[in-house]
Amino acid sequence: MVYLNFIWHMHQPYYRDNLSGKTKMPWVFLHAIKNYYDMPYMLSLNPKIKATFNLVPSLIEQINHYIDGNANDELLDILSLDASTLSDDELDILNRYIFLSNEKNMIQPFWRYKELHQKFKSSQMGMKIFDKNEIEDAQVLFLLSWCGNYLKKNNATVKNLISQGANFTHQQKLELIHELIKFLPNIIKLYKQLFSQGQIELSTSPYYHPILPLLIDINSAKDANSTMNLPNIPNDTFKEFSEPQVTKAVDFFEQTFGTKPNGFWPSEGAISEQTVELIAKHGIKWVASDEEVLYKSIKNHTKDKLYNLYRHKKFKTLLFFRDKHISDLIGFEYSKIAPQIATLDFADKMKKIQSYSSRDYLVSIILDGENAWEFYPNNGEDFFRELYKTLQDNDSFVQTILPSEAINLNLEELPLEYIQAGSWIDANFNIWIGKPQKNRAWELLASSKEDYIKNSAFLSPQTNQKILDEFAVALGSDWFWWYDDDHFTALKPLFDELFRAHLQNIYTLMGLNIPQIVTHPIVPKNEIVLAEYGAMHQASDFKSRESEFRYCKLTKRWVLFAPKRSDRPNNFIKKQIPLDECVCPFDAENEHLTPKEITRIGGGKEWRARVVPNLYNVLSTDISPIGKKDDYFDLFSGFGAHEVIIETPKHDLEMFDYSLQEFIDYLQISKERIASLRYDTRLACSILFKNHGQQAGASLSHSHSQIISMPFLPTETTQEIEYKKEYHKRYKRALLDDLVYEEKQYEQNIIFENESFICYAPYASSFAYEVKIVAKDKYSSMIEFDENTLLNLAISLELIFKKYKNVLDYFSFNMVFKNHPYEEYSENSKDYFRFCVNIFPRLGGIAAFEIDSKIYLNSILPNIAAGKLREV
């Protein structure tokens, strides 16, 4: 017999700022109306199926805040306002959340929501693109998309609004919010009912979800991974906070459910010898963690060992270890296939385990009970219906049990001499400690504690308790989860802000000035990405035709894969297609052949320049910004923007023959787009470039440029910025300013200069006839240009391309505009970063030597090239 032990972990960070009384993020409320009720409800429809629900105490506390009317949820407060009264700041908060739902399974089922989402994505204006009625519709549909299946089928208000579909009023929105909050008390009631009936078991976790082994002894991280780089703090800095997290959790559980808990899921499955000892002291009978922790503890990686019942020899606690592979199948993979196929595969895996031998087996399936289901159609209901039916149909060899029942079964109980410190992720603590941002957070906590110790004697008992509560919240695992590059979310800066808010509250409660090190962000302003790791958190889904970044750990560079680019048309005369048979989508009167226009210069049919989304885009804002990371392969979705600047309506006009006005139009519309894209805070940089001619990589001969905007900085860009900053710090000058000065002293490479720009052939040019046009004044980006500066750049481009034509005739080239990235862009950027334009003629190819060595072969000395260009 295979005994199946389901444990669903229900958890959210503590989003409440206790000092202000405000709830800063809405995820507790949204998951409450969706999964916290639906999961036990679906189980209740199948009385023969048993499962355990692990309810984190701080999650229940936050649900109670909503029930009691004390949540003060920032998003719900804004949703409760009339759409016509919303300020820009309030609209910005709506931008953050209103379409942050799974597009396929939560947005597209609502035709109006899908329509509004398309409009939202097509604009850089966010919610400002909507009128009052559209905002009200988007808000109502956002709430309806988060409603679970129980509410959609049984709540009259929800059913009526779904049936109505659109044109919702402000009053209807208020009625919906009221109904959803009124529903919340049913959640804990349902858990209590199923618990009393014996269909479910309830377990708990440390109150605010900290990593207990690290609180008890921060050297546990070294025990799990000997190469760990620990923060510079004493190993027992937070030991005094470990026991109260367990004590408070056990007491809260008893107050809520009328009995002490039997079981404990340590936050993130994080466990150690001292952790088990602490938990056992509180009368907890069983604890769960991950299979990798078991394998390291028994020094045996045989899968058969996983399916036993273990008891700690010294502390007498029962130990359950999750089957990582099967748990992750539910969290990751089964959402991608039909429920019938998924559940048959699940049953086959149970049969395979049962076939190992004639003995009974214990299989623990432990994963996040809330985040994976939005990736399933119908919020996972179809999958669970099939799963529970399959389990009941196969009860001759597989039965679901509760952990507390395991001791009464015919299972071999094995003693466990020792528990290796580790968590559910790779049996170590790397996700929560060891990298710069994570260690910085630990060190800030430690320094705040030192300041508190100095002042605690002068504070009242009530104030001391409030401060200790702030420390307890700040020690929660989730803040550390999002730091550094392991996992990513567009809300990452908000998690950092909320973590530091708890530290700031400590100083406010002490009546002290808040140190600058606490107010300064740990996360750089534009570090925006989202990733998920394993089945305990949100699942990810990359489609084979979508773009994705892959990180090469040999070269430390990102590679962008864009399968759609293989579909691009190519009208260079490689296949001898007659010119009159080619239809160019960029030509005048072919505007209908391009995606919907973003902007243009010139009205009606007399346009002079246009910008459209790239039909064969390498990046898209339609793709969720998600990623995955492990020891060998890093992956990030192709999230970003990819636009085409159609420089002229004239098919045969090349940049070599542009008039001054055409250059002005080109620069003006480019400046406008670089500036507009900056307002999407998810983007870290925009690269403006032009590929002209087949050798330069262009697929269409019609003159055009492109903008690619990315959510992070390429490795070379990061290194370049750091180098320029370091140079400025040392010499108090911009590096490029000094290089221009040296070129002017040398004289031979200078081609021309005007009031605002200097053009020269760089001393170490990589390409023959390469030139650089550099701003003479302190400009770090073209978005800073005034009208006269933009005119002088247009004059410079017109002149250099006329010179090029006279010396080389028409040729292929790449041109790149070097603007400061959006990330860390400020007034001070002008001190170390100088705007420039690089033009790289592609007169020959790049061979293997250049590719491998990164040393370019150039057959024309820059002074010779500059001399020829100067003369014409």
# chains A, B, ... in the order shown; residues from 1 in each chain; ligands from 1
>>> residues_around(residues="stretch 142-152 of chain A", least_positions_apart="4", cutoff="10 Å", atoms="only C-alpha atoms", output="ChimeraX atom specification")
/A:29-39,41-42,76,79,97-102,105-110,113,136-138,156-162,173,176-177,179-180,183,374,378-381
>>> residues_around(residues="A:Asp426", least_positions_apart="2", cutoff="10 Å", atoms="only C-alpha atoms", output="ChimeraX atom specification")
/A:224-225,290-293,422-424,428-431,630
>>> atom_distance(atom1="atom CA of A:Pro339", atom2="atom CA of A:Leu391")
13.3 Å
>>> closest_residue(among="A:Asp348, A:Asn806, A:Ile419, A:Ile284", to="A:Phe321", atoms="only C-alpha atoms")
A:Ile419
>>> closest_residue(among="A:Asn614, A:Asn819, A:Thr302, A:Gln706", to="A:Ala675", atoms="only C-alpha atoms")
A:Asn819
>>> residues_around(residues="A:Ala734", least_positions_apart="2", cutoff="7 Å", atoms="only C-alpha atoms", output="number ranges by chain")
A: 724, 728, 736-738, 831-833
>>> residues_around(residues="A:Leu793", least_positions_apart="2", cutoff="10 Å", atoms="only C-alpha atoms", output="PyMOL selection string")
chain A and resi 663-664+667+754-758+773-775+782+785+788-791+795-799+836-837
>>> select_by_dssp(residues="stretch 780-820 of chain A", states="strand (DSSP E)", output="list of chain:residue names")
A:Phe813, A:Asn814, A:Met815, A:Val816, A:Phe817, A:Lys818
>>> write_last_selection(atoms="N, CA and C atoms", output="PDB file, in the first residue's frame")
ATOM      1  N   PHE A 813      26.354  49.311 -42.255  1.00  0.00           N
ATOM      2  CA  PHE A 813      26.927  49.818 -41.006  1.00  0.00           C
ATOM      3  C   PHE A 813      25.967  49.559 -39.852  1.00  0.00           C
ATOM      4  N   ASN A 814      26.534  49.568 -38.635  1.00  0.00           N
ATOM      5  CA  ASN A 814      25.752  49.575 -37.388  1.00  0.00           C
ATOM      6  C   ASN A 814      25.977  50.916 -36.693  1.00  0.00           C
ATOM      7  N   MET A 815      24.932  51.453 -36.136  1.00  0.00           N
ATOM      8  CA  MET A 815      25.031  52.706 -35.384  1.00  0.00           C
ATOM      9  C   MET A 815      24.339  52.525 -34.038  1.00  0.00           C
ATOM     10  N   VAL A 816      25.016  52.932 -32.973  1.00  0.00           N
ATOM     11  CA  VAL A 816      24.492  52.776 -31.619  1.00  0.00           C
ATOM     12  C   VAL A 816      24.546  54.115 -30.898  1.00  0.00           C
ATOM     13  N   PHE A 817      23.428  54.491 -30.272  1.00  0.00           N
ATOM     14  CA  PHE A 817      23.360  55.700 -29.465  1.00  0.00           C
ATOM     15  C   PHE A 817      23.573  55.303 -28.008  1.00  0.00           C
ATOM     16  N   LYS A 818      24.613  55.854 -27.392  1.00  0.00           N
ATOM     17  CA  LYS A 818      24.963  55.469 -26.023  1.00  0.00           C
ATOM     18  C   LYS A 818      24.330  56.452 -25.034  1.00  0.00           C
TER      19      LYS A 818
END
>>> closest_residue(among="A:Leu444, A:Ile401, A:Leu215, A:Met1", to="A:Lys50", atoms="only C-alpha atoms")
A:Ile401
>>> residues_around(residues="stretch 81-92 of chain A", least_positions_apart="6", cutoff="10 Å", atoms="only C-alpha atoms", output="compact mmCIF listing (two decimals) with N, CA, C and O atoms, in the first residue's frame")
# COMPACT_ATOMS: atom_id res chain seq x y z
N GLU A 74 -4.00 49.26 1.37
CA GLU A 74 -3.81 50.42 0.50
C GLU A 74 -4.52 50.26 -0.84
O GLU A 74 -5.14 51.20 -1.35
N LEU A 75 -4.45 49.06 -1.41
CA LEU A 75 -5.10 48.86 -2.70
C LEU A 75 -6.63 48.88 -2.55
O LEU A 75 -7.33 49.53 -3.34
N ILE A 98 -3.48 46.07 -11.14
CA ILE A 98 -4.76 45.77 -11.77
C ILE A 98 -4.67 44.68 -12.83
O ILE A 98 -5.61 43.92 -13.03
N GLY A 126 -0.19 53.77 -18.85
CA GLY A 126 -0.78 53.03 -17.75
C GLY A 126 -2.27 53.32 -17.64
O GLY A 126 -2.98 53.48 -18.63
N MET A 127 -2.77 53.41 -16.40
CA MET A 127 -4.19 53.62 -16.17
C MET A 127 -4.69 54.96 -16.69
O MET A 127 -5.90 55.16 -16.86
N LYS A 128 -3.76 55.88 -16.94
CA LYS A 128 -4.17 57.20 -17.43
C LYS A 128 -4.77 57.13 -18.83
O LYS A 128 -5.42 58.08 -19.27
N ASP A 131 -10.64 56.05 -19.43
CA ASP A 131 -11.58 57.01 -18.87
C ASP A 131 -12.17 56.42 -17.58
O ASP A 131 -11.84 55.30 -17.17
N LYS A 132 -13.05 57.18 -16.93
CA LYS A 132 -13.60 56.77 -15.62
C LYS A 132 -14.28 55.40 -15.70
O LYS A 132 -14.05 54.53 -14.85
N ASN A 133 -15.10 55.20 -16.71
CA ASN A 133 -15.83 53.93 -16.82
C ASN A 133 -14.90 52.76 -17.04
O ASN A 133 -15.12 51.66 -16.52
N GLU A 134 -13.85 52.98 -17.83
CA GLU A 134 -12.88 51.90 -18.08
C GLU A 134 -12.12 51.55 -16.80
O GLU A 134 -11.83 50.38 -16.55
N ILE A 135 -11.79 52.56 -15.99
CA ILE A 135 -11.10 52.30 -14.72
C ILE A 135 -11.99 51.48 -13.79
O ILE A 135 -11.56 50.51 -13.17
N GLU A 136 -13.27 51.88 -13.70
CA GLU A 136 -14.21 51.12 -12.85
C GLU A 136 -14.32 49.68 -13.34
O GLU A 136 -14.31 48.74 -12.54
N ASP A 137 -14.41 49.48 -14.65
CA ASP A 137 -14.50 48.12 -15.20
C ASP A 137 -13.25 47.31 -14.86
O ASP A 137 -13.34 46.15 -14.44
N GLN A 139 -11.17 47.70 -12.42
CA GLN A 139 -11.10 47.40 -10.99
C GLN A 139 -12.04 46.24 -10.61
O GLN A 139 -11.64 45.33 -9.87
N THR A 169 -20.76 50.06 -12.22
CA THR A 169 -20.82 51.36 -11.55
C THR A 169 -19.95 51.33 -10.30
O THR A 169 -19.54 50.27 -9.81
N HIS A 170 -19.69 52.53 -9.80
CA HIS A 170 -18.91 52.64 -8.55
C HIS A 170 -19.63 51.94 -7.41
O HIS A 170 -19.00 51.25 -6.59
N GLN A 171 -20.95 52.05 -7.36
CA GLN A 171 -21.72 51.42 -6.30
C GLN A 171 -21.63 49.90 -6.38
O GLN A 171 -21.51 49.21 -5.36
N LYS A 173 -19.12 48.27 -7.51
CA LYS A 173 -17.77 47.92 -7.04
C LYS A 173 -17.73 47.89 -5.52
O LYS A 173 -17.16 46.97 -4.91
N LEU A 174 -18.35 48.87 -4.87
CA LEU A 174 -18.37 48.89 -3.40
C LEU A 174 -19.13 47.69 -2.86
O LEU A 174 -18.72 47.09 -1.85
>>> residues_around(residues="A:Phe257", least_positions_apart="6", cutoff="10 Å", atoms="only C-alpha atoms", output="short mmCIF file (atom, residue, chain, number, x, y, z; two decimals) with C-alpha atoms, in the first residue's frame")
data_model
loop_
_atom_site.label_atom_id
_atom_site.label_comp_id
_atom_site.auth_asym_id
_atom_site.auth_seq_id
_atom_site.Cartn_x
_atom_site.Cartn_y
_atom_site.Cartn_z
CA ILE A 188 -11.35 29.61 9.10
CA LYS A 189 -14.83 28.20 9.81
CA TYR A 191 -10.94 24.61 8.23
CA LYS A 192 -12.37 24.15 11.73
CA PHE A 195 -10.60 19.50 11.20
CA SER A 196 -13.32 18.47 13.63
CA LEU A 202 -3.94 21.41 10.70
#
>>> atom_distance(atom1="atom CA of A:Tyr746", atom2="atom CA of A:Lys725")
25.5 Å
>>> closest_residue(among="A:Ala472, A:Leu869, A:Ile855, A:Leu498", to="A:Leu808", atoms="only C-alpha atoms")
A:Leu869
>>> residues_around(residues="A:Phe586", least_positions_apart="6", cutoff="8 Å", atoms="only C-alpha atoms", output="list in words")
Leu593, Thr594, Ile646, Pro649, His651 and His702 of chain A
>>> closest_residue(among="A:Tyr727, A:Tyr763, A:Phe811, A:Tyr779", to="A:Gln694", atoms="only C-alpha atoms")
A:Phe811
>>> decode(residues="stretch 410-421 of chain A", atoms="all heavy atoms", output="short mmCIF file (atom, residue, chain, number, x, y, z; two decimals), in the first residue's frame")
data_model
loop_
_atom_site.label_atom_id
_atom_site.label_comp_id
_atom_site.auth_asym_id
_atom_site.auth_seq_id
_atom_site.Cartn_x
_atom_site.Cartn_y
_atom_site.Cartn_z
N ASN A 410 0.97 0.23 9.26
CA ASN A 410 1.98 -0.83 9.19
C ASN A 410 3.20 -0.33 8.43
O ASN A 410 3.57 -0.83 7.39
CB ASN A 410 1.39 -2.07 8.51
CG ASN A 410 2.35 -3.24 8.53
OD1 ASN A 410 3.16 -3.37 9.47
ND2 ASN A 410 2.29 -4.09 7.50
N LEU A 411 3.80 0.73 8.99
CA LEU A 411 4.98 1.32 8.37
C LEU A 411 6.20 1.06 9.24
O LEU A 411 6.13 1.16 10.47
CB LEU A 411 4.80 2.83 8.20
CG LEU A 411 3.75 3.30 7.19
CD1 LEU A 411 3.46 4.78 7.37
CD2 LEU A 411 4.23 3.03 5.75
N GLU A 412 7.30 0.76 8.57
CA GLU A 412 8.54 0.56 9.32
C GLU A 412 9.03 1.91 9.82
O GLU A 412 9.19 2.85 9.06
CB GLU A 412 9.61 -0.08 8.43
CG GLU A 412 10.90 -0.38 9.17
CD GLU A 412 11.95 -0.98 8.26
OE1 GLU A 412 11.69 -1.10 7.04
OE2 GLU A 412 13.04 -1.32 8.76
N GLU A 413 9.24 2.02 11.12
CA GLU A 413 9.71 3.27 11.72
C GLU A 413 11.22 3.18 11.93
O GLU A 413 11.71 2.31 12.64
CB GLU A 413 8.98 3.52 13.04
CG GLU A 413 9.32 4.86 13.67
CD GLU A 413 8.59 5.07 14.98
OE1 GLU A 413 7.33 5.08 14.96
OE2 GLU A 413 9.26 5.19 16.02
N LEU A 414 11.93 4.10 11.30
CA LEU A 414 13.39 4.09 11.38
C LEU A 414 13.89 5.23 12.26
O LEU A 414 13.36 6.34 12.19
CB LEU A 414 14.00 4.23 9.98
CG LEU A 414 13.64 3.13 8.97
CD1 LEU A 414 14.31 3.42 7.64
CD2 LEU A 414 14.05 1.77 9.50
N PRO A 415 14.90 4.96 13.08
CA PRO A 415 15.45 6.03 13.94
C PRO A 415 16.37 6.95 13.11
O PRO A 415 17.10 6.50 12.23
CB PRO A 415 16.24 5.25 14.99
CG PRO A 415 16.65 3.99 14.28
CD PRO A 415 15.54 3.66 13.32
N LEU A 416 16.31 8.21 13.41
CA LEU A 416 17.19 9.18 12.76
C LEU A 416 18.12 9.75 13.82
O LEU A 416 17.68 10.41 14.77
CB LEU A 416 16.37 10.29 12.10
CG LEU A 416 17.04 11.08 10.98
CD1 LEU A 416 17.48 10.16 9.84
CD2 LEU A 416 16.08 12.13 10.43
N GLU A 417 19.40 9.45 13.65
CA GLU A 417 20.38 9.84 14.67
C GLU A 417 20.61 11.35 14.68
O GLU A 417 20.85 11.95 15.74
CB GLU A 417 21.71 9.12 14.40
CG GLU A 417 21.62 7.60 14.43
CD GLU A 417 21.67 7.05 15.83
OE1 GLU A 417 21.97 7.84 16.75
OE2 GLU A 417 21.40 5.85 16.01
N TYR A 418 20.54 11.95 13.49
CA TYR A 418 21.01 13.34 13.37
C TYR A 418 20.32 13.99 12.16
O TYR A 418 20.09 13.35 11.13
CB TYR A 418 22.53 13.34 13.17
CG TYR A 418 23.12 14.67 12.77
CD1 TYR A 418 23.35 15.67 13.73
CD2 TYR A 418 23.45 14.94 11.44
CE1 TYR A 418 23.89 16.89 13.37
CE2 TYR A 418 24.01 16.17 11.07
CZ TYR A 418 24.21 17.14 12.04
OH TYR A 418 24.74 18.34 11.68
N ILE A 419 19.98 15.27 12.29
CA ILE A 419 19.39 16.03 11.17
C ILE A 419 20.42 17.03 10.65
O ILE A 419 20.91 17.89 11.40
CB ILE A 419 18.12 16.78 11.63
CG1 ILE A 419 16.94 15.83 11.67
CG2 ILE A 419 17.78 17.93 10.69
CD1 ILE A 419 16.40 15.46 10.30
N GLN A 420 20.73 16.90 9.38
CA GLN A 420 21.62 17.86 8.74
C GLN A 420 20.88 19.17 8.52
O GLN A 420 19.73 19.19 8.09
CB GLN A 420 22.08 17.30 7.38
CG GLN A 420 22.79 18.30 6.48
CD GLN A 420 24.12 18.74 7.05
OE1 GLN A 420 24.89 17.92 7.54
NE2 GLN A 420 24.38 20.05 7.01
N ALA A 421 21.53 20.27 8.83
CA ALA A 421 20.91 21.58 8.62
C ALA A 421 20.64 21.79 7.13
O ALA A 421 21.49 21.51 6.29
CB ALA A 421 21.81 22.69 9.16
#
